[in-house]
file coords-v4.txt (compact mmCIF, C-alpha atoms (C1' of nucleotides))
# COMPACT_ATOMS: atom_id res chain seq x y z
CA MET A 181 0.00 0.00 0.00
CA PRO A 182 1.24 3.50 -0.69
CA LYS A 183 2.68 5.41 2.23
CA ASN A 184 0.19 7.41 4.27
CA SER A 185 -2.83 6.40 2.28
CA SER A 186 -3.67 3.23 4.11
CA ARG A 187 -6.29 2.69 6.73
CA PRO A 188 -5.35 -0.22 8.93
CA GLY A 189 -7.91 -2.89 8.28
CA LYS A 190 -9.14 -3.22 11.83
CA LYS A 191 -12.74 -4.23 12.28
CA PRO A 192 -14.94 -1.55 13.81
CA SER A 193 -15.59 -2.18 17.47
CA HIS A 194 -18.95 -1.33 18.97
CA LYS A 195 -17.30 -0.85 22.33
CA SER A 196 -14.89 1.81 21.09
CA ARG A 197 -17.59 3.45 19.05
CA LYS A 198 -19.61 3.73 22.24
CA ILE A 199 -16.64 5.29 24.06
CA HIS A 200 -16.13 7.85 21.29
CA LEU A 201 -19.77 8.78 21.14
CA GLU A 202 -19.97 9.11 24.90
CA ILE A 203 -16.88 11.33 25.02
CA TYR A 204 -18.19 13.38 22.13
CA GLN A 205 -21.61 13.81 23.75
CA ARG A 206 -20.03 14.89 26.99
CA LEU A 207 -17.86 17.48 25.24
CA LEU A 208 -20.77 18.67 23.14
CA SER A 209 -22.94 19.27 26.18
CA ARG A 210 -20.10 21.16 27.88
CA PHE A 211 -18.89 23.29 24.98
CA GLY A 212 -21.85 23.34 22.57
CA PRO A 213 -21.38 22.91 18.79
CA ARG A 214 -18.02 24.47 17.95
CA ASP A 215 -18.89 25.62 14.45
CA TRP A 216 -15.25 25.49 13.41
CA TRP A 217 -14.08 27.24 10.29
CA PRO A 218 -17.73 27.55 9.27
CA ALA A 219 -18.09 30.71 7.20
CA GLN A 220 -14.54 30.79 5.93
CA ALA A 221 -13.85 30.22 2.28
CA PRO A 222 -12.03 26.91 1.70
CA PHE A 223 -8.96 28.74 0.46
CA GLU A 224 -8.75 30.72 3.70
CA VAL A 225 -9.03 27.48 5.63
CA MET A 226 -6.08 26.06 3.72
CA VAL A 227 -3.98 29.15 4.43
CA GLY A 228 -5.00 28.95 8.09
CA ALA A 229 -4.07 25.27 8.23
CA ILE A 230 -0.50 26.13 7.24
CA LEU A 231 -0.24 29.19 9.48
CA THR A 232 -1.49 27.33 12.55
CA GLN A 233 1.35 24.81 12.53
CA ASN A 234 2.60 24.70 16.13
CA THR A 235 0.98 28.07 16.77
CA SER A 236 -1.98 29.37 18.76
CA TRP A 237 -5.01 30.28 16.70
CA ARG A 238 -5.06 33.78 18.17
CA ASN A 239 -1.75 34.56 16.47
CA VAL A 240 -2.93 32.98 13.23
CA GLU A 241 -5.97 35.26 13.23
CA ARG A 242 -3.71 38.31 13.39
CA ALA A 243 -1.80 37.05 10.36
CA ILE A 244 -4.97 36.26 8.43
CA ASN A 245 -6.37 39.69 9.23
CA ASN A 246 -3.18 41.26 7.91
CA LEU A 247 -3.54 39.27 4.69
CA ARG A 248 -7.17 40.28 4.38
CA LYS A 249 -6.45 43.97 4.98
CA ALA A 250 -3.70 43.83 2.35
CA GLY A 251 -6.16 42.26 -0.09
CA ALA A 252 -3.85 39.26 -0.29
CA LEU A 253 -6.23 36.54 0.78
CA SER A 254 -6.87 35.12 -2.67
CA PRO A 255 -4.80 32.55 -4.55
CA LYS A 256 -3.92 34.98 -7.30
CA LYS A 257 -2.93 37.87 -5.01
CA LEU A 258 -1.07 35.60 -2.66
CA SER A 259 0.98 34.14 -5.47
CA GLU A 260 1.78 37.57 -6.83
CA ILE A 261 2.89 39.11 -3.55
CA GLY A 262 6.64 39.20 -2.84
CA LEU A 263 8.14 36.81 -0.32
CA GLU A 264 9.34 39.58 1.98
CA LYS A 265 5.96 41.29 1.98
CA LEU A 266 4.30 37.97 2.73
CA GLU A 267 6.70 37.38 5.62
CA GLU A 268 5.83 40.78 7.04
CA LEU A 269 2.08 40.14 6.84
CA ILE A 270 2.19 36.72 8.47
CA ARG A 271 4.82 37.62 11.08
CA PRO A 272 2.40 37.37 14.05
CA SER A 273 1.82 33.67 13.35
CA GLY A 274 5.45 32.86 14.13
CA TYR A 275 7.95 30.85 12.02
CA PHE A 276 7.10 33.49 9.45
CA ARG A 277 10.02 32.84 7.10
CA GLN A 278 9.29 29.13 6.94
CA LYS A 279 5.57 29.64 6.61
CA ALA A 280 5.91 32.24 3.86
CA VAL A 281 7.92 29.73 1.82
CA ARG A 282 5.41 26.98 2.64
CA LEU A 283 2.52 29.15 1.48
CA LYS A 284 4.30 29.90 -1.78
CA ILE A 285 5.03 26.21 -2.39
CA PHE A 286 1.44 25.31 -1.56
CA LEU A 287 0.18 27.97 -4.00
CA GLU A 288 2.25 26.49 -6.80
CA PHE A 289 0.61 23.14 -6.07
CA TYR A 290 -2.84 24.67 -5.79
CA LEU A 291 -2.68 26.70 -8.99
CA ALA A 292 -1.13 23.98 -11.16
CA HIS A 293 -2.64 20.98 -12.90
CA PRO A 294 -4.75 19.06 -11.94
CA ILE A 295 -6.24 21.44 -9.38
CA SER A 296 -5.82 24.66 -11.36
CA GLY A 297 -6.99 26.75 -8.43
CA SER A 298 -10.36 25.05 -8.21
CA ILE A 299 -11.81 23.82 -4.93
CA LYS A 300 -14.41 21.95 -6.96
CA LYS A 301 -11.65 19.97 -8.69
CA MET A 302 -9.99 19.26 -5.36
CA LYS A 303 -13.25 17.97 -3.92
CA LYS A 304 -13.72 15.64 -6.86
CA ILE A 305 -10.42 13.88 -6.24
CA GLU A 306 -10.78 10.77 -4.11
CA SER A 307 -9.89 11.38 -0.48
CA GLY A 308 -6.91 8.99 -0.23
CA LYS A 309 -5.48 10.26 -3.49
CA MET A 310 -5.93 13.90 -2.43
CA ARG A 311 -4.22 13.11 0.86
CA GLU A 312 -1.22 11.62 -0.97
CA MET A 313 -1.04 14.67 -3.20
CA LEU A 314 -1.13 17.07 -0.26
CA LEU A 315 1.52 15.09 1.62
CA SER A 316 3.82 15.33 -1.38
CA VAL A 317 3.87 19.12 -0.98
CA LYS A 318 6.85 20.29 1.06
CA GLY A 319 5.60 21.90 4.25
CA ILE A 320 2.36 19.91 4.38
CA GLY A 321 2.52 17.14 6.94
CA PRO A 322 -0.21 14.75 8.11
CA GLU A 323 -2.07 17.16 10.36
CA THR A 324 -2.07 20.03 7.88
CA ALA A 325 -3.15 17.69 5.07
CA ASP A 326 -5.97 16.27 7.15
CA SER A 327 -7.11 19.73 8.29
CA ILE A 328 -7.36 20.73 4.65
CA LEU A 329 -9.20 17.53 3.72
CA LEU A 330 -11.70 17.85 6.55
CA TYR A 331 -12.19 21.57 7.07
CA ALA A 332 -11.74 22.86 3.53
CA LEU A 333 -12.89 19.91 1.42
CA ASP A 334 -15.45 18.21 3.72
CA LYS A 335 -13.71 14.84 3.42
CA PRO A 336 -14.34 12.44 6.33
CA VAL A 337 -10.74 12.35 7.59
CA PHE A 338 -10.09 12.65 11.31
CA VAL A 339 -7.57 15.34 12.27
CA VAL A 340 -5.11 14.26 14.94
CA ASP A 341 -3.24 16.92 16.85
CA ALA A 342 -1.21 17.36 20.03
CA TYR A 343 -4.38 17.72 22.11
CA THR A 344 -5.92 14.57 20.67
CA ARG A 345 -2.84 12.56 21.59
CA ARG A 346 -2.55 14.10 25.05
CA ILE A 347 -6.22 13.73 25.95
CA PHE A 348 -6.58 10.11 24.85
CA SER A 349 -3.26 8.99 26.29
CA ARG A 350 -4.07 10.64 29.62
CA LEU A 351 -7.38 8.81 29.59
CA GLY A 352 -5.39 5.62 29.15
CA LEU A 353 -7.18 4.80 25.89
CA VAL A 354 -4.06 4.89 23.69
CA PRO A 355 -0.31 4.71 24.38
CA GLU A 356 1.39 8.07 24.97
CA LYS A 357 3.71 7.65 21.99
CA ILE A 358 1.11 6.36 19.55
CA GLY A 359 1.92 7.28 15.95
CA TYR A 360 -0.16 9.69 13.89
CA GLU A 361 -1.64 7.09 11.54
CA GLU A 362 -2.40 4.71 14.34
CA LEU A 363 -4.23 7.38 16.30
CA ARG A 364 -6.16 8.47 13.22
CA ALA A 365 -7.25 4.87 12.71
CA PHE A 366 -8.35 4.77 16.36
CA PHE A 367 -11.04 7.28 15.39
CA GLU A 368 -11.79 6.38 11.81
CA THR A 369 -12.13 2.65 12.39
CA ASP A 370 -14.79 2.96 15.03
CA LEU A 371 -16.76 5.99 13.90
CA PRO A 372 -18.99 6.38 10.85
CA LYS A 373 -17.30 8.17 7.95
CA ASP A 374 -19.02 11.44 8.74
CA ALA A 375 -17.22 14.69 7.97
CA ALA A 376 -19.59 16.77 10.12
CA LEU A 377 -18.98 14.48 13.10
CA TYR A 378 -15.18 14.48 12.62
CA ASN A 379 -15.24 18.23 12.21
CA ASP A 380 -17.03 18.90 15.45
CA TYR A 381 -15.42 16.08 17.45
CA HIS A 382 -11.94 17.37 16.67
CA ALA A 383 -13.03 20.94 17.44
CA GLN A 384 -14.44 19.76 20.78
CA LEU A 385 -11.12 18.10 21.62
CA VAL A 386 -9.29 21.35 20.91
CA ALA A 387 -11.78 23.23 23.12
CA LEU A 388 -11.13 20.72 25.90
CA GLY A 389 -7.38 20.89 25.33
CA ASN A 390 -7.34 24.68 25.43
CA GLN A 391 -9.23 24.86 28.68
CA TYR A 392 -8.39 21.72 30.61
CA CYS A 393 -5.60 19.70 29.04
CA LYS A 394 -2.51 21.84 28.50
CA LYS A 395 0.94 20.33 28.96
CA ARG A 396 0.69 21.29 32.56
CA ALA A 397 -2.45 19.61 33.79
CA LEU A 398 -5.47 21.87 34.26
CA CYS A 399 -7.88 19.14 35.18
CA LYS A 400 -10.19 21.04 37.48
CA GLU A 401 -13.71 20.85 36.05
CA CYS A 402 -12.56 18.79 33.05
CA PRO A 403 -15.71 17.09 31.74
CA LEU A 404 -13.77 13.87 31.11
CA LEU A 405 -12.00 13.71 34.47
CA ASP A 406 -14.14 10.84 35.71
CA PHE A 407 -14.17 9.16 32.33
CA GLY A 408 -12.28 5.88 32.17
CA LYS A 409 -9.09 6.35 34.13
CA CYS A 410 -7.44 9.68 33.51
CA LYS A 411 -3.80 9.34 34.49
CA ILE A 412 -3.48 12.88 35.76
C1' DG B 18 12.01 35.04 32.34
C1' DA B 19 10.34 30.37 31.46
C1' DC B 20 7.08 27.81 29.25
C1' DC B 21 3.79 26.88 25.76
C1' DA B 22 0.92 26.89 21.32
C1' DG B 23 -4.28 23.25 16.48
C1' DG B 24 3.94 20.88 12.99
C1' DC B 25 7.30 20.02 9.73
C1' DA B 26 11.78 19.03 7.50
C1' DC B 27 16.15 17.59 8.03
C1' DA B 28 20.38 15.58 10.29
C1' DT B 29 22.18 12.03 12.83
C1' DC B 30 22.57 7.66 14.91
C1' DG C 251 12.92 3.72 12.53
C1' DA C 252 13.72 6.68 16.50
C1' DT C 253 15.35 10.83 18.36
C1' DG C 254 17.01 15.67 18.40
C1' DT C 255 17.00 20.34 16.54
C1' DG C 256 15.72 24.76 14.23
C1' DC C 257 12.14 27.59 13.13
C1' DA C 258 9.54 32.68 15.94
C1' DT C 259 5.67 35.34 17.66
C1' DG C 260 2.66 36.48 21.50
C1' DG C 261 0.03 34.97 25.79
C1' DT C 262 0.27 33.32 30.61
call {"tool": "encode", "arguments": {"input": "coords-v4.txt", "output": "structure tokens"}}
result
Amino acid sequence: MPKNSSRPGKKPSHKSRKIHLEIYQRLLSRFGPRDWWPAQAPFEVMVGAILTQNTSWRNVERAINNLRKAGALSPKKLSEIGLEKLEELIRPSGYFRQKAVRLKIFLEFYLAHPISGSIKKMKKIESGKMREMLLSVKGIGPETADSILLYALDKPVFVVDAYTRRIFSRLGLVPEKIGYEELRAFFETDLPKDAALYNDYHAQLVALGNQYCKKRALCKECPLLDFGKCKI
DNA sequence: GACCAGGCACATC
DNA sequence: GATGTGCATGGT
């Protein structure tokens, strides 16, 4: 099987599905529907997915606002803008030199055949194939690729991030050093292939992570504290 | 002032 | 294959 495109062929387990749905319901009743990246144009979501690499969303918003104010938040404008100007605009998101280059490389990919700058064309490409294509772009790793697939293209791909790993390993449901693909399969194997569910579930986990599951434990009032056996 | 945040590529062993 | 390192701003 090609690298990164496989889904381990584990049989779905009703028990784990039940655990997921119970966790999700609990988060949903605490945080309400997260409505993540709802009104944003898919292209903005893709830019945000790159800018948010290892960075708080607050800082990404500043960078995106700068791009918007400069009229640079379109594929054409963004590809025309100079590298130094782009660096200046996205500076608040951190790693600005790296990210400016990554955005430029991504734009080349996005504007060239077979996508030709069309979200519609991207959506038509089969999910696994699109994932492979995204992963072949320098600067796009698994989480960024999956964020684009799920939040920009509505593909049912579960996004795994640092919070996901921390939360589920602290709950004792997965090993602390579980790999990205393995953790993704932990969700995708046992849940229906439902982009809306994956979208909100992941957003709920980030909400939980932000408030109650930072590196330094913030467990007080965590809605999952009594769930399973949290190790903290 | 130290630590952390919605990663990734690359070097080294 | 696993582990370490550089990249950088802004909040706590």
call {"tool": "interface_residues", "arguments": {"input": "coords-v4.txt", "of": "chain B", "to": "chain A", "cutoff": "7 Å", "atoms": "only C-alpha atoms (C1' of nucleotides)", "output": "ChimeraX atom specification"}}
result
/B:22-25
call {"tool": "interface_residues", "arguments": {"input": "coords-v4.txt", "of": "chain C", "to": "chain A", "cutoff": "10 Å", "atoms": "all atoms listed in the file", "output": "list in words"}}
result
DC257, DA258, DT259, DG260 and DG261 of chain C
call {"tool": "atom_distance", "arguments": {"input": "coords-v4.txt", "atom1": "atom CA of Glu267 of chain A", "atom2": "atom CA of Phe286 of chain A"}}
result
15.0 Å
call {"tool": "atom_distance", "arguments": {"input": "coords-v4.txt", "atom1": "atom CA of Met226 of chain A", "atom2": "atom CA of Ile328 of chain A"}}
result
5.6 Å
call {"tool": "residues_around", "arguments": {"input": "coords-v4.txt", "residues": "Asn379 of chain A", "least_positions_apart": "5", "cutoff": "8 Å", "atoms": "only C-alpha atoms (C1' of nucleotides)", "output": "PDB file with C-alpha atoms, keeping the file's coordinate frame"}}
result
ATOM      1  CA  TRP A 216     -15.250  25.490  13.410  1.00  0.00           C
ATOM      2  CA  LEU A 330     -11.700  17.850   6.550  1.00  0.00           C
ATOM      3  CA  TYR A 331     -12.190  21.570   7.070  1.00  0.00           C
ATOM      4  CA  PHE A 338     -10.090  12.650  11.310  1.00  0.00           C
TER       5      PHE A 338
END
call {"tool": "atom_distance", "arguments": {"input": "coords-v4.txt", "atom1": "atom CA of Arg197 of chain A", "atom2": "atom CA of Ser349 of chain A"}}
result
17.0 Å
call {"tool": "residues_near_point", "arguments": {"input": "coords-v4.txt", "point": "(-12.2, 19.9, 29.6)", "cutoff": "9 Å", "atoms": "only C-alpha atoms (C1' of nucleotides)", "output": "PyMOL selection string"}}
result
chain A and resi 207+210-211+385+387-393+398-405
call {"tool": "residues_around", "arguments": {"input": "coords-v4.txt", "residues": "segment 247-259 of chain A", "least_positions_apart": "4", "cutoff": "12 Å", "atoms": "all atoms listed in the file", "output": "PyMOL selection string"}}
result
chain A and resi 220-228+231+240-243+263+265-273+280-292+296-299
call {"tool": "residues_near_point", "arguments": {"input": "coords-v4.txt", "point": "(-0.9, 8.6, 12.2)", "cutoff": "9 Å", "atoms": "all atoms listed in the file", "output": "PyMOL selection string"}}
result
chain A and resi 184+322-323+340+358-365
call {"tool": "closest_atom_pairs", "arguments": {"input": "coords-v4.txt", "of": "chain C", "to": "segment 26-29 of chain B", "cutoff": "9 Å", "atoms": "all atoms listed in the file", "output": "JSON lines"}}
result
{"residue": "C:DT253", "atom": "C1'", "partner": "B:DT29", "partner_atom": "C1'", "distance": 8.9}
{"residue": "C:DG254", "atom": "C1'", "partner": "B:DT29", "partner_atom": "C1'", "distance": 8.4}
{"residue": "C:DT255", "atom": "C1'", "partner": "B:DA28", "partner_atom": "C1'", "distance": 8.6}
call {"tool": "residues_around", "arguments": {"input": "coords-v4.txt", "residues": "Leu377 of chain A", "least_positions_apart": "3", "cutoff": "12 Å", "atoms": "only C-alpha atoms (C1' of nucleotides)", "output": "CSV table (one decimal) with C-alpha atoms, in the coordinates of the input"}}
result
chain,number,residue,atom,x,y,z
A,200,HIS,CA,-16.1,7.8,21.3
A,201,LEU,CA,-19.8,8.8,21.1
A,204,TYR,CA,-18.2,13.4,22.1
A,205,GLN,CA,-21.6,13.8,23.8
A,208,LEU,CA,-20.8,18.7,23.1
A,213,PRO,CA,-21.4,22.9,18.8
A,214,ARG,CA,-18.0,24.5,18.0
A,215,ASP,CA,-18.9,25.6,14.4
A,216,TRP,CA,-15.2,25.5,13.4
A,330,LEU,CA,-11.7,17.8,6.6
A,331,TYR,CA,-12.2,21.6,7.1
A,334,ASP,CA,-15.4,18.2,3.7
A,335,LYS,CA,-13.7,14.8,3.4
A,336,PRO,CA,-14.3,12.4,6.3
A,337,VAL,CA,-10.7,12.4,7.6
A,338,PHE,CA,-10.1,12.6,11.3
A,339,VAL,CA,-7.6,15.3,12.3
A,367,PHE,CA,-11.0,7.3,15.4
A,368,GLU,CA,-11.8,6.4,11.8
A,371,LEU,CA,-16.8,6.0,13.9
A,372,PRO,CA,-19.0,6.4,10.8
A,373,LYS,CA,-17.3,8.2,8.0
A,374,ASP,CA,-19.0,11.4,8.7
A,380,ASP,CA,-17.0,18.9,15.4
A,381,TYR,CA,-15.4,16.1,17.4
A,382,HIS,CA,-11.9,17.4,16.7
A,383,ALA,CA,-13.0,20.9,17.4
A,384,GLN,CA,-14.4,19.8,20.8
call {"tool": "build_atoms", "arguments": {"input": "coords-v4.txt", "residues": "segment 367-397 of chain A", "atoms": "N, CA and C atoms", "output": "mmCIF file, keeping the file's coordinate frame"}}
result
data_model
loop_
_atom_site.group_PDB
_atom_site.id
_atom_site.type_symbol
_atom_site.label_atom_id
_atom_site.label_comp_id
_atom_site.auth_asym_id
_atom_site.auth_seq_id
_atom_site.Cartn_x
_atom_site.Cartn_y
_atom_site.Cartn_z
ATOM 1 N N PHE A 367 -9.770 6.579 15.566
ATOM 2 C CA PHE A 367 -11.040 7.280 15.390
ATOM 3 C C PHE A 367 -11.800 6.758 14.179
ATOM 4 N N GLU A 368 -11.089 6.656 13.058
ATOM 5 C CA GLU A 368 -11.790 6.380 11.810
ATOM 6 C C GLU A 368 -12.329 4.954 11.728
ATOM 7 N N THR A 369 -11.674 4.036 12.433
ATOM 8 C CA THR A 369 -12.130 2.650 12.390
ATOM 9 C C THR A 369 -13.470 2.483 13.097
ATOM 10 N N ASP A 370 -13.632 3.221 14.178
ATOM 11 C CA ASP A 370 -14.790 2.960 15.030
ATOM 12 C C ASP A 370 -15.928 3.963 14.863
ATOM 13 N N LEU A 371 -15.701 4.988 14.094
ATOM 14 C CA LEU A 371 -16.760 5.990 13.900
ATOM 15 C C LEU A 371 -17.251 5.937 12.457
ATOM 16 N N PRO A 372 -18.513 6.309 12.228
ATOM 17 C CA PRO A 372 -18.990 6.380 10.850
ATOM 18 C C PRO A 372 -18.195 7.419 10.073
ATOM 19 N N LYS A 373 -18.065 7.221 8.771
ATOM 20 C CA LYS A 373 -17.300 8.170 7.950
ATOM 21 C C LYS A 373 -18.140 9.427 7.735
ATOM 22 N N ASP A 374 -18.117 10.293 8.725
ATOM 23 C CA ASP A 374 -19.020 11.440 8.740
ATOM 24 C C ASP A 374 -18.215 12.722 8.962
ATOM 25 N N ALA A 375 -18.061 13.495 7.896
ATOM 26 C CA ALA A 375 -17.220 14.690 7.970
ATOM 27 C C ALA A 375 -17.723 15.669 9.032
ATOM 28 N N ALA A 376 -19.038 15.817 9.146
ATOM 29 C CA ALA A 376 -19.590 16.770 10.120
ATOM 30 C C ALA A 376 -19.248 16.328 11.553
ATOM 31 N N LEU A 377 -19.323 15.013 11.776
ATOM 32 C CA LEU A 377 -18.980 14.480 13.100
ATOM 33 C C LEU A 377 -17.487 14.681 13.393
ATOM 34 N N TYR A 378 -16.617 14.326 12.425
ATOM 35 C CA TYR A 378 -15.180 14.480 12.620
ATOM 36 C C TYR A 378 -14.823 15.944 12.859
ATOM 37 N N ASN A 379 -15.471 16.797 12.095
ATOM 38 C CA ASN A 379 -15.240 18.230 12.210
ATOM 39 C C ASN A 379 -15.498 18.701 13.632
ATOM 40 N N ASP A 380 -16.670 18.377 14.137
ATOM 41 C CA ASP A 380 -17.030 18.900 15.450
ATOM 42 C C ASP A 380 -16.315 18.146 16.579
ATOM 43 N N TYR A 381 -16.104 16.860 16.413
ATOM 44 C CA TYR A 381 -15.420 16.080 17.450
ATOM 45 C C TYR A 381 -14.010 16.636 17.655
ATOM 46 N N HIS A 382 -13.296 16.826 16.560
ATOM 47 C CA HIS A 382 -11.940 17.370 16.670
ATOM 48 C C HIS A 382 -11.960 18.762 17.309
ATOM 49 N N ALA A 383 -12.925 19.583 16.881
ATOM 50 C CA ALA A 383 -13.030 20.940 17.440
ATOM 51 C C ALA A 383 -13.321 20.886 18.938
ATOM 52 N N GLN A 384 -14.136 19.919 19.348
ATOM 53 C CA GLN A 384 -14.440 19.760 20.780
ATOM 54 C C GLN A 384 -13.174 19.392 21.542
ATOM 55 N N LEU A 385 -12.355 18.516 20.944
ATOM 56 C CA LEU A 385 -11.120 18.100 21.620
ATOM 57 C C LEU A 385 -10.170 19.284 21.783
ATOM 58 N N VAL A 386 -10.144 20.165 20.797
ATOM 59 C CA VAL A 386 -9.290 21.350 20.910
ATOM 60 C C VAL A 386 -9.841 22.282 22.003
ATOM 61 N N ALA A 387 -11.165 22.397 22.067
ATOM 62 C CA ALA A 387 -11.780 23.230 23.120
ATOM 63 C C ALA A 387 -11.401 22.674 24.489
ATOM 64 N N LEU A 388 -11.494 21.359 24.631
ATOM 65 C CA LEU A 388 -11.130 20.720 25.900
ATOM 66 C C LEU A 388 -9.644 20.945 26.189
ATOM 67 N N GLY A 389 -8.824 20.724 25.164
ATOM 68 C CA GLY A 389 -7.380 20.890 25.330
ATOM 69 C C GLY A 389 -7.022 22.299 25.766
ATOM 70 N N ASN A 390 -7.624 23.280 25.108
ATOM 71 C CA ASN A 390 -7.340 24.680 25.430
ATOM 72 C C ASN A 390 -7.683 25.024 26.866
ATOM 73 N N GLN A 391 -8.773 24.469 27.340
ATOM 74 C CA GLN A 391 -9.230 24.860 28.680
ATOM 75 C C GLN A 391 -8.743 23.957 29.791
ATOM 76 N N TYR A 392 -8.617 22.644 29.504
ATOM 77 C CA TYR A 392 -8.390 21.720 30.610
ATOM 78 C C TYR A 392 -7.244 20.754 30.421
ATOM 79 N N CYS A 393 -6.598 20.748 29.263
ATOM 80 C CA CYS A 393 -5.600 19.700 29.040
ATOM 81 C C CYS A 393 -4.333 20.243 28.391
ATOM 82 N N LYS A 394 -3.792 21.306 28.973
ATOM 83 C CA LYS A 394 -2.510 21.840 28.500
ATOM 84 C C LYS A 394 -1.411 20.882 28.969
ATOM 85 N N LYS A 395 -0.180 21.196 28.550
ATOM 86 C CA LYS A 395 0.940 20.330 28.960
ATOM 87 C C LYS A 395 0.976 20.205 30.472
ATOM 88 N N ARG A 396 0.837 21.357 31.108
ATOM 89 C CA ARG A 396 0.690 21.290 32.560
ATOM 90 C C ARG A 396 -0.784 21.046 32.831
ATOM 91 N N ALA A 397 -1.066 20.031 33.596
ATOM 92 C CA ALA A 397 -2.450 19.610 33.790
ATOM 93 C C ALA A 397 -3.319 20.743 34.341
#
